[in-house]
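Engineer: Coordinates in my_file36.cif, mmCIF, N, CA and C atoms and all ligand atoms, are listed below.
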```
data_input
loop_
_atom_site.label_atom_id
_atom_site.label_comp_id
_atom_site.auth_asym_id
_atom_site.auth_seq_id
_atom_site.Cartn_x
_atom_site.Cartn_y
_atom_site.Cartn_z
N MET A 1 11.71 24.45 29.85
CA MET A 1 11.45 25.75 30.44
C MET A 1 10.68 26.60 29.45
N LYS A 2 9.59 27.23 29.94
CA LYS A 2 8.75 28.07 29.10
C LYS A 2 9.24 29.51 29.13
N THR A 3 9.21 30.15 27.96
CA THR A 3 9.52 31.59 27.92
C THR A 3 8.21 32.34 27.72
N LYS A 4 8.07 33.45 28.40
CA LYS A 4 6.84 34.24 28.29
C LYS A 4 7.01 35.30 27.20
N ARG A 5 6.11 35.25 26.22
CA ARG A 5 6.13 36.25 25.15
C ARG A 5 5.19 37.39 25.50
N SER A 6 5.61 38.59 25.24
CA SER A 6 4.69 39.71 25.42
C SER A 6 4.27 40.20 24.05
N ALA A 7 2.98 40.14 23.80
CA ALA A 7 2.43 40.59 22.52
C ALA A 7 1.00 41.05 22.75
N PHE A 8 0.46 41.78 21.80
CA PHE A 8 -0.93 42.23 21.91
C PHE A 8 -1.86 41.08 21.53
N THR A 9 -2.93 41.00 22.26
CA THR A 9 -3.94 40.00 21.90
C THR A 9 -4.84 40.59 20.81
N LEU A 10 -5.61 39.73 20.20
CA LEU A 10 -6.52 40.17 19.15
C LEU A 10 -7.53 41.17 19.69
N ILE A 11 -8.02 40.95 20.90
CA ILE A 11 -9.00 41.85 21.52
C ILE A 11 -8.41 43.24 21.70
N GLU A 12 -7.16 43.30 22.17
CA GLU A 12 -6.52 44.60 22.37
C GLU A 12 -6.37 45.35 21.05
N ILE A 13 -5.97 44.65 20.01
CA ILE A 13 -5.82 45.29 18.71
C ILE A 13 -7.17 45.77 18.18
N MET A 14 -8.21 44.96 18.39
CA MET A 14 -9.55 45.36 17.93
C MET A 14 -10.03 46.60 18.67
N ILE A 15 -9.73 46.70 19.95
CA ILE A 15 -10.15 47.88 20.73
C ILE A 15 -9.43 49.13 20.23
N VAL A 16 -8.14 49.00 19.95
CA VAL A 16 -7.37 50.15 19.45
C VAL A 16 -7.92 50.60 18.09
N VAL A 17 -8.19 49.64 17.22
CA VAL A 17 -8.74 49.99 15.90
C VAL A 17 -10.10 50.65 16.04
N ALA A 18 -10.93 50.17 16.96
CA ALA A 18 -12.25 50.77 17.18
C ALA A 18 -12.12 52.20 17.68
N ILE A 19 -11.18 52.45 18.57
CA ILE A 19 -10.98 53.81 19.09
C ILE A 19 -10.50 54.74 17.97
N ILE A 20 -9.59 54.26 17.14
CA ILE A 20 -9.11 55.08 16.02
C ILE A 20 -10.26 55.38 15.06
N GLY A 21 -11.10 54.40 14.81
CA GLY A 21 -12.25 54.62 13.94
C GLY A 21 -13.22 55.62 14.53
N LEU A 22 -13.44 55.55 15.84
CA LEU A 22 -14.34 56.50 16.50
C LEU A 22 -13.78 57.92 16.42
N LEU A 23 -12.50 58.08 16.67
CA LEU A 23 -11.89 59.41 16.59
C LEU A 23 -11.96 59.96 15.16
N ALA A 24 -11.73 59.11 14.16
CA ALA A 24 -11.82 59.56 12.77
C ALA A 24 -13.24 59.97 12.43
N THR A 25 -14.22 59.24 12.94
CA THR A 25 -15.63 59.58 12.70
C THR A 25 -15.95 60.96 13.26
N ILE A 26 -15.37 61.29 14.39
CA ILE A 26 -15.62 62.60 15.00
C ILE A 26 -14.85 63.69 14.26
N ALA A 27 -13.61 63.43 13.88
CA ALA A 27 -12.73 64.48 13.37
C ALA A 27 -12.96 64.82 11.90
N ILE A 28 -13.26 63.84 11.07
CA ILE A 28 -13.31 64.09 9.63
C ILE A 28 -14.39 65.10 9.23
N PRO A 29 -15.64 65.02 9.74
CA PRO A 29 -16.62 66.04 9.34
C PRO A 29 -16.22 67.45 9.76
N SER A 30 -15.63 67.62 10.93
CA SER A 30 -15.25 68.97 11.34
C SER A 30 -14.08 69.47 10.51
N LEU A 31 -13.18 68.59 10.11
CA LEU A 31 -12.09 69.01 9.23
C LEU A 31 -12.62 69.44 7.86
N LYS A 32 -13.60 68.68 7.38
CA LYS A 32 -14.19 69.01 6.08
C LYS A 32 -14.90 70.36 6.15
N HIS A 33 -15.62 70.60 7.24
CA HIS A 33 -16.30 71.89 7.41
C HIS A 33 -15.28 73.03 7.48
N ALA A 34 -14.19 72.82 8.21
CA ALA A 34 -13.17 73.86 8.32
C ALA A 34 -12.54 74.15 6.97
N LEU A 35 -12.33 73.12 6.16
CA LEU A 35 -11.76 73.32 4.82
C LEU A 35 -12.72 74.14 3.95
N THR A 36 -14.00 73.80 3.98
CA THR A 36 -15.00 74.52 3.20
C THR A 36 -15.06 75.98 3.62
N ARG A 37 -15.07 76.21 4.92
CA ARG A 37 -15.15 77.57 5.46
C ARG A 37 -13.92 78.38 5.06
N SER A 38 -12.75 77.79 5.13
CA SER A 38 -11.54 78.54 4.78
C SER A 38 -11.51 78.84 3.28
N GLN A 39 -12.03 77.92 2.46
CA GLN A 39 -12.10 78.20 1.02
C GLN A 39 -13.06 79.36 0.75
N GLN A 40 -14.19 79.41 1.46
CA GLN A 40 -15.14 80.52 1.29
C GLN A 40 -14.48 81.85 1.66
N GLN A 41 -13.74 81.84 2.76
CA GLN A 41 -13.12 83.09 3.20
C GLN A 41 -12.01 83.53 2.25
N ALA A 42 -11.22 82.59 1.76
CA ALA A 42 -10.18 82.95 0.80
C ALA A 42 -10.79 83.47 -0.49
N CYS A 43 -11.90 82.88 -0.91
CA CYS A 43 -12.60 83.34 -2.11
C CYS A 43 -13.12 84.76 -1.89
N ALA A 44 -13.65 85.05 -0.70
CA ALA A 44 -14.17 86.39 -0.40
C ALA A 44 -13.04 87.42 -0.46
N VAL A 45 -11.87 87.06 0.05
CA VAL A 45 -10.72 87.98 0.00
C VAL A 45 -10.31 88.22 -1.46
N ASN A 46 -10.29 87.16 -2.26
CA ASN A 46 -9.95 87.32 -3.68
C ASN A 46 -10.92 88.26 -4.37
N ARG A 47 -12.22 88.09 -4.11
CA ARG A 47 -13.22 88.94 -4.76
C ARG A 47 -13.10 90.38 -4.30
N LYS A 48 -12.77 90.60 -3.03
CA LYS A 48 -12.57 91.97 -2.55
C LYS A 48 -11.36 92.60 -3.25
N ASN A 49 -10.30 91.84 -3.45
CA ASN A 49 -9.13 92.37 -4.15
C ASN A 49 -9.48 92.72 -5.59
N ILE A 50 -10.27 91.87 -6.25
CA ILE A 50 -10.67 92.15 -7.62
C ILE A 50 -11.54 93.41 -7.66
N ASP A 51 -12.47 93.54 -6.70
CA ASP A 51 -13.32 94.73 -6.65
C ASP A 51 -12.47 95.99 -6.45
N GLY A 52 -11.46 95.91 -5.60
CA GLY A 52 -10.56 97.05 -5.40
C GLY A 52 -9.82 97.42 -6.67
N ALA A 53 -9.37 96.41 -7.39
CA ALA A 53 -8.67 96.66 -8.66
C ALA A 53 -9.62 97.29 -9.68
N LYS A 54 -10.86 96.83 -9.70
CA LYS A 54 -11.85 97.41 -10.62
C LYS A 54 -12.07 98.89 -10.30
N LEU A 55 -12.22 99.23 -9.02
CA LEU A 55 -12.44 100.62 -8.64
C LEU A 55 -11.23 101.48 -8.99
N ALA A 56 -10.03 100.97 -8.72
CA ALA A 56 -8.82 101.74 -9.03
C ALA A 56 -8.72 101.98 -10.54
N TRP A 57 -9.02 100.95 -11.31
CA TRP A 57 -8.98 101.08 -12.77
C TRP A 57 -10.01 102.12 -13.24
N ALA A 58 -11.23 102.06 -12.68
CA ALA A 58 -12.28 103.00 -13.09
C ALA A 58 -11.91 104.43 -12.74
N LEU A 59 -11.30 104.61 -11.58
CA LEU A 59 -10.90 105.98 -11.20
C LEU A 59 -9.76 106.48 -12.06
N ASP A 60 -8.78 105.63 -12.31
CA ASP A 60 -7.63 106.05 -13.11
C ASP A 60 -8.02 106.36 -14.55
N HIS A 61 -8.99 105.60 -15.08
CA HIS A 61 -9.36 105.77 -16.49
C HIS A 61 -10.67 106.51 -16.66
N ARG A 62 -11.21 107.05 -15.58
CA ARG A 62 -12.45 107.85 -15.60
C ARG A 62 -13.57 107.11 -16.32
N GLN A 63 -13.80 105.90 -15.87
CA GLN A 63 -14.84 105.07 -16.48
C GLN A 63 -16.14 105.18 -15.68
N PRO A 64 -17.29 105.16 -16.36
CA PRO A 64 -18.57 105.19 -15.64
C PRO A 64 -18.82 103.84 -14.96
N PRO A 65 -19.73 103.80 -13.98
CA PRO A 65 -19.94 102.56 -13.21
C PRO A 65 -20.57 101.42 -13.99
N GLU A 66 -21.07 101.68 -15.19
CA GLU A 66 -21.71 100.60 -15.97
C GLU A 66 -20.68 99.78 -16.76
N VAL A 67 -19.48 100.27 -16.88
CA VAL A 67 -18.48 99.63 -17.72
C VAL A 67 -17.98 98.34 -17.06
N VAL A 68 -17.78 97.31 -17.87
CA VAL A 68 -17.20 96.06 -17.38
C VAL A 68 -15.74 96.02 -17.82
N PRO A 69 -14.80 96.03 -16.89
CA PRO A 69 -13.39 95.97 -17.30
C PRO A 69 -13.02 94.59 -17.83
N THR A 70 -12.02 94.54 -18.68
CA THR A 70 -11.53 93.26 -19.15
C THR A 70 -10.44 92.76 -18.21
N GLU A 71 -10.09 91.49 -18.34
CA GLU A 71 -9.02 90.95 -17.50
C GLU A 71 -7.70 91.64 -17.80
N ALA A 72 -7.49 92.03 -19.07
CA ALA A 72 -6.25 92.70 -19.44
C ALA A 72 -6.14 94.07 -18.77
N ASP A 73 -7.30 94.70 -18.47
CA ASP A 73 -7.27 95.99 -17.78
C ASP A 73 -6.79 95.86 -16.35
N LEU A 74 -7.12 94.76 -15.72
CA LEU A 74 -6.88 94.64 -14.27
C LEU A 74 -5.65 93.83 -13.90
N PHE A 75 -5.36 92.79 -14.69
CA PHE A 75 -4.34 91.83 -14.26
C PHE A 75 -3.11 91.91 -15.17
N GLY A 76 -1.99 91.51 -14.63
CA GLY A 76 -0.74 91.52 -15.38
C GLY A 76 0.24 92.47 -14.74
N GLU A 77 1.43 92.53 -15.29
CA GLU A 77 2.46 93.37 -14.69
C GLU A 77 2.11 94.85 -14.73
N GLN A 78 1.40 95.27 -15.77
CA GLN A 78 0.99 96.67 -15.87
C GLN A 78 -0.38 96.91 -15.24
N GLY A 79 -1.04 95.86 -14.78
CA GLY A 79 -2.38 95.99 -14.22
C GLY A 79 -2.35 96.32 -12.74
N TYR A 80 -3.48 96.12 -12.11
CA TYR A 80 -3.61 96.47 -10.70
C TYR A 80 -3.36 95.27 -9.79
N LEU A 81 -3.50 94.08 -10.31
CA LEU A 81 -3.13 92.86 -9.60
C LEU A 81 -2.17 92.08 -10.48
N GLU A 82 -1.19 91.45 -9.86
CA GLU A 82 -0.16 90.76 -10.64
C GLU A 82 -0.73 89.65 -11.52
N HIS A 83 -1.68 88.90 -10.98
CA HIS A 83 -2.35 87.86 -11.76
C HIS A 83 -3.77 87.73 -11.25
N LYS A 84 -4.62 87.14 -12.08
CA LYS A 84 -6.02 86.96 -11.66
C LYS A 84 -6.07 85.90 -10.57
N PRO A 85 -6.65 86.25 -9.42
CA PRO A 85 -6.73 85.25 -8.35
C PRO A 85 -7.60 84.07 -8.76
N ASN A 86 -7.29 82.92 -8.22
CA ASN A 86 -8.07 81.71 -8.48
C ASN A 86 -8.89 81.37 -7.24
N CYS A 87 -10.11 80.96 -7.48
CA CYS A 87 -10.94 80.51 -6.36
C CYS A 87 -10.31 79.22 -5.81
N PRO A 88 -10.12 79.11 -4.49
CA PRO A 88 -9.49 77.91 -3.95
C PRO A 88 -10.32 76.65 -4.14
N ALA A 89 -11.62 76.80 -4.41
CA ALA A 89 -12.47 75.63 -4.62
C ALA A 89 -12.66 75.33 -6.11
N GLY A 90 -11.98 76.07 -6.97
CA GLY A 90 -12.06 75.80 -8.41
C GLY A 90 -13.13 76.59 -9.14
N GLY A 91 -13.74 77.57 -8.49
CA GLY A 91 -14.76 78.40 -9.15
C GLY A 91 -14.12 79.40 -10.10
N HIS A 92 -14.98 80.04 -10.88
CA HIS A 92 -14.51 81.05 -11.83
C HIS A 92 -15.14 82.39 -11.46
N TYR A 93 -14.34 83.45 -11.57
CA TYR A 93 -14.81 84.77 -11.20
C TYR A 93 -15.38 85.50 -12.41
N SER A 94 -16.52 86.15 -12.18
CA SER A 94 -17.07 87.07 -13.18
C SER A 94 -16.77 88.48 -12.70
N LEU A 95 -16.13 89.27 -13.54
CA LEU A 95 -15.72 90.61 -13.11
C LEU A 95 -16.92 91.51 -12.89
N ASN A 96 -17.92 91.46 -13.77
CA ASN A 96 -19.13 92.29 -13.68
C ASN A 96 -18.78 93.78 -13.85
N ALA A 97 -19.82 94.60 -13.83
CA ALA A 97 -19.63 96.04 -14.01
C ALA A 97 -18.97 96.64 -12.76
N ILE A 98 -18.50 97.86 -12.90
CA ILE A 98 -17.80 98.51 -11.79
C ILE A 98 -18.70 98.63 -10.57
N ARG A 99 -19.96 98.96 -10.77
CA ARG A 99 -20.84 99.17 -9.61
C ARG A 99 -21.33 97.87 -8.99
N GLU A 100 -21.11 96.75 -9.66
CA GLU A 100 -21.48 95.46 -9.09
C GLU A 100 -20.24 94.79 -8.51
N LYS A 101 -20.50 93.85 -7.62
CA LYS A 101 -19.37 93.13 -7.03
C LYS A 101 -18.98 91.95 -7.91
N CYS A 102 -17.74 91.58 -7.81
CA CYS A 102 -17.24 90.38 -8.50
C CYS A 102 -17.94 89.16 -7.89
N THR A 103 -18.28 88.19 -8.72
CA THR A 103 -18.97 87.00 -8.22
C THR A 103 -18.18 85.74 -8.58
N CYS A 104 -18.41 84.71 -7.76
CA CYS A 104 -17.78 83.41 -7.99
C CYS A 104 -18.84 82.46 -8.54
N SER A 105 -18.42 81.52 -9.38
CA SER A 105 -19.38 80.59 -9.97
C SER A 105 -19.88 79.54 -8.98
N ILE A 106 -19.22 79.40 -7.84
CA ILE A 106 -19.66 78.44 -6.83
C ILE A 106 -20.71 79.11 -5.95
N PHE A 107 -21.87 78.49 -5.85
CA PHE A 107 -23.01 79.10 -5.18
C PHE A 107 -22.71 79.44 -3.71
N GLN A 108 -22.02 78.56 -3.01
CA GLN A 108 -21.75 78.79 -1.58
C GLN A 108 -20.82 79.98 -1.36
N HIS A 109 -20.15 80.44 -2.40
CA HIS A 109 -19.22 81.57 -2.27
C HIS A 109 -19.90 82.88 -2.63
N PHE A 110 -21.24 82.89 -2.63
CA PHE A 110 -21.94 84.07 -3.08
C PHE A 110 -21.61 85.28 -2.23
N ASN A 111 -21.52 85.14 -0.91
CA ASN A 111 -21.23 86.31 -0.05
C ASN A 111 -19.94 86.15 0.70
ZN ZN B 1 -15.12 80.88 -5.00
#
```
Once more with this new file: its structure as C-alpha cells, please.
Ligand SMILES: [Zn+2]
Structural biologist:
Amino acid sequence: MKTKRSAFTLIEIMIVVAIIGLLATIAIPSLKHALTRSQQQACAVNRKNIDGAKLAWALDHRQPPEVVPTEADLFGEQGYLEHKPNCPAGGHYSLNAIREKCTCSIFQHFN
C-alpha cells in the first residue's frame, strides 16, 4: 500500500524564492531612501536646536553676531542644551558665528 506524502516541489520553492527576491528588490531602495531622508530631517532639527542655543547664549551674554561660541558655552548641565547633539549619519557640526547657521559636515545635510 502506497502512502501519499504532501511536500513542496522544487518548482514551488523556486517560485516562492523568486517572489521574495522580487519584493526585496522593490522594498530595499525605498527603505534606504526613507532612512536617508529621516537622517536629514533629524540632522536639521539638531542644527535648529544648536542655533537656538547659540542665540540664547548671545542674548544672555550680550555677544555681537560675529562671535563664535564654544561648545562649553552651549552644552552641558549649565549650558543651553544638555549635550551636543550628534548627527544621525555620523557628521560633525560646526557651530559657526552667531549670525550664521550651524552646519553639518555631510554635504546632503546642508539644508
Ligand atoms: Zn548631519
Engineer: Let me have all residues with an atom within 8 Å of ligand ZN 1 (chain B), counting all atoms listed in the file, laid out as an mmCIF file with N, CA and C atoms, in the coordinates of the input.
Structural biologist:
```cif
data_model
loop_
_atom_site.group_PDB
_atom_site.id
_atom_site.type_symbol
_atom_site.label_atom_id
_atom_site.label_comp_id
_atom_site.auth_asym_id
_atom_site.auth_seq_id
_atom_site.Cartn_x
_atom_site.Cartn_y
_atom_site.Cartn_z
ATOM 1 N N GLN A 39 -12.030 77.920 2.460
ATOM 2 C CA GLN A 39 -12.100 78.200 1.020
ATOM 3 C C GLN A 39 -13.060 79.360 0.750
ATOM 4 N N GLN A 40 -14.190 79.410 1.460
ATOM 5 C CA GLN A 40 -15.140 80.520 1.290
ATOM 6 C C GLN A 40 -14.480 81.850 1.660
ATOM 7 N N GLN A 41 -13.740 81.840 2.760
ATOM 8 C CA GLN A 41 -13.120 83.090 3.200
ATOM 9 C C GLN A 41 -12.010 83.530 2.250
ATOM 10 N N ALA A 42 -11.220 82.590 1.760
ATOM 11 C CA ALA A 42 -10.180 82.950 0.800
ATOM 12 C C ALA A 42 -10.790 83.470 -0.490
ATOM 13 N N CYS A 43 -11.900 82.880 -0.910
ATOM 14 C CA CYS A 43 -12.600 83.340 -2.110
ATOM 15 C C CYS A 43 -13.120 84.760 -1.890
ATOM 16 N N ALA A 44 -13.650 85.050 -0.700
ATOM 17 C CA ALA A 44 -14.170 86.390 -0.400
ATOM 18 C C ALA A 44 -13.040 87.420 -0.460
ATOM 19 N N ARG A 47 -12.220 88.090 -4.110
ATOM 20 C CA ARG A 47 -13.220 88.940 -4.760
ATOM 21 C C ARG A 47 -13.100 90.380 -4.300
ATOM 22 N N ASN A 86 -7.290 82.920 -8.220
ATOM 23 C CA ASN A 86 -8.070 81.710 -8.480
ATOM 24 C C ASN A 86 -8.890 81.370 -7.240
ATOM 25 N N CYS A 87 -10.110 80.960 -7.480
ATOM 26 C CA CYS A 87 -10.940 80.510 -6.360
ATOM 27 C C CYS A 87 -10.310 79.220 -5.810
ATOM 28 N N PRO A 88 -10.120 79.110 -4.490
ATOM 29 C CA PRO A 88 -9.490 77.910 -3.950
ATOM 30 C C PRO A 88 -10.320 76.650 -4.140
ATOM 31 N N ALA A 89 -11.620 76.800 -4.410
ATOM 32 C CA ALA A 89 -12.470 75.630 -4.620
ATOM 33 C C ALA A 89 -12.660 75.330 -6.110
ATOM 34 N N GLY A 90 -11.980 76.070 -6.970
ATOM 35 C CA GLY A 90 -12.060 75.800 -8.410
ATOM 36 C C GLY A 90 -13.130 76.590 -9.140
ATOM 37 N N GLY A 91 -13.740 77.570 -8.490
ATOM 38 C CA GLY A 91 -14.760 78.400 -9.150
ATOM 39 C C GLY A 91 -14.120 79.400 -10.100
ATOM 40 N N HIS A 92 -14.980 80.040 -10.880
ATOM 41 C CA HIS A 92 -14.510 81.050 -11.830
ATOM 42 C C HIS A 92 -15.140 82.390 -11.460
ATOM 43 N N TYR A 93 -14.340 83.450 -11.570
ATOM 44 C CA TYR A 93 -14.810 84.770 -11.200
ATOM 45 C C TYR A 93 -15.380 85.500 -12.410
ATOM 46 N N THR A 103 -18.280 88.190 -8.720
ATOM 47 C CA THR A 103 -18.970 87.000 -8.220
ATOM 48 C C THR A 103 -18.180 85.740 -8.580
ATOM 49 N N CYS A 104 -18.410 84.710 -7.760
ATOM 50 C CA CYS A 104 -17.780 83.410 -7.990
ATOM 51 C C CYS A 104 -18.840 82.460 -8.540
ATOM 52 N N SER A 105 -18.420 81.520 -9.380
ATOM 53 C CA SER A 105 -19.380 80.590 -9.970
ATOM 54 C C SER A 105 -19.880 79.540 -8.980
ATOM 55 N N ILE A 106 -19.220 79.400 -7.840
ATOM 56 C CA ILE A 106 -19.660 78.440 -6.830
ATOM 57 C C ILE A 106 -20.710 79.110 -5.950
ATOM 58 N N PHE A 107 -21.870 78.490 -5.850
ATOM 59 C CA PHE A 107 -23.010 79.100 -5.180
ATOM 60 C C PHE A 107 -22.710 79.440 -3.710
ATOM 61 N N GLN A 108 -22.020 78.560 -3.010
ATOM 62 C CA GLN A 108 -21.750 78.790 -1.580
ATOM 63 C C GLN A 108 -20.820 79.980 -1.360
ATOM 64 N N HIS A 109 -20.150 80.440 -2.400
ATOM 65 C CA HIS A 109 -19.220 81.570 -2.270
ATOM 66 C C HIS A 109 -19.900 82.880 -2.630
ATOM 67 N N PHE A 110 -21.240 82.890 -2.630
ATOM 68 C CA PHE A 110 -21.940 84.070 -3.080
ATOM 69 C C PHE A 110 -21.610 85.280 -2.230
#
```
Engineer: I'd like the contact shell of A:Tyr80 - 8 Å cut-off, only N, CA and C atoms, skipping same-chain residues fewer than 4 positions apart - returned as a PyMOL selection string.
Structural biologist: chain A and resi 49+52-54+56-57+72-76
Engineer: For those residues, write N, CA and C atoms to a file as a PDB file, in the coordinates of the input.
Structural biologist:
```
ATOM      1  N   ASN A  49     -10.300  91.840  -3.450  1.00  0.00           N
ATOM      2  CA  ASN A  49      -9.130  92.370  -4.150  1.00  0.00           C
ATOM      3  C   ASN A  49      -9.480  92.720  -5.590  1.00  0.00           C
ATOM      4  N   GLY A  52     -11.460  95.910  -5.600  1.00  0.00           N
ATOM      5  CA  GLY A  52     -10.560  97.050  -5.400  1.00  0.00           C
ATOM      6  C   GLY A  52      -9.820  97.420  -6.670  1.00  0.00           C
ATOM      7  N   ALA A  53      -9.370  96.410  -7.390  1.00  0.00           N
ATOM      8  CA  ALA A  53      -8.670  96.660  -8.660  1.00  0.00           C
ATOM      9  C   ALA A  53      -9.620  97.290  -9.680  1.00  0.00           C
ATOM     10  N   LYS A  54     -10.860  96.830  -9.700  1.00  0.00           N
ATOM     11  CA  LYS A  54     -11.850  97.410 -10.620  1.00  0.00           C
ATOM     12  C   LYS A  54     -12.070  98.890 -10.300  1.00  0.00           C
ATOM     13  N   ALA A  56     -10.030 100.970  -8.720  1.00  0.00           N
ATOM     14  CA  ALA A  56      -8.820 101.740  -9.030  1.00  0.00           C
ATOM     15  C   ALA A  56      -8.720 101.980 -10.540  1.00  0.00           C
ATOM     16  N   TRP A  57      -9.020 100.950 -11.310  1.00  0.00           N
ATOM     17  CA  TRP A  57      -8.980 101.080 -12.770  1.00  0.00           C
ATOM     18  C   TRP A  57     -10.010 102.120 -13.240  1.00  0.00           C
ATOM     19  N   ALA A  72      -7.490  92.030 -19.070  1.00  0.00           N
ATOM     20  CA  ALA A  72      -6.250  92.700 -19.440  1.00  0.00           C
ATOM     21  C   ALA A  72      -6.140  94.070 -18.770  1.00  0.00           C
ATOM     22  N   ASP A  73      -7.300  94.700 -18.470  1.00  0.00           N
ATOM     23  CA  ASP A  73      -7.270  95.990 -17.780  1.00  0.00           C
ATOM     24  C   ASP A  73      -6.790  95.860 -16.350  1.00  0.00           C
ATOM     25  N   LEU A  74      -7.120  94.760 -15.720  1.00  0.00           N
ATOM     26  CA  LEU A  74      -6.880  94.640 -14.270  1.00  0.00           C
ATOM     27  C   LEU A  74      -5.650  93.830 -13.900  1.00  0.00           C
ATOM     28  N   PHE A  75      -5.360  92.790 -14.690  1.00  0.00           N
ATOM     29  CA  PHE A  75      -4.340  91.830 -14.260  1.00  0.00           C
ATOM     30  C   PHE A  75      -3.110  91.910 -15.170  1.00  0.00           C
ATOM     31  N   GLY A  76      -1.990  91.510 -14.630  1.00  0.00           N
ATOM     32  CA  GLY A  76      -0.740  91.520 -15.380  1.00  0.00           C
ATOM     33  C   GLY A  76       0.240  92.470 -14.740  1.00  0.00           C
TER      34      GLY A  76
END
```
Engineer: Env of A:Glu66: 10 Å cut, atoms = only C-alpha atoms, seq-sep filter 6 positions within chain, self excluded. Answer as an MDAnalysis selection string.
Structural biologist: chainID A and resid 96:100
Engineer: Quick check for you: according to DSSP on this backbone, which residues of chain A are classed as alpha helix (DSSP H)? Reply as a VMD selection string.
Structural biologist: chain A and resid 10 to 60 71 to 74
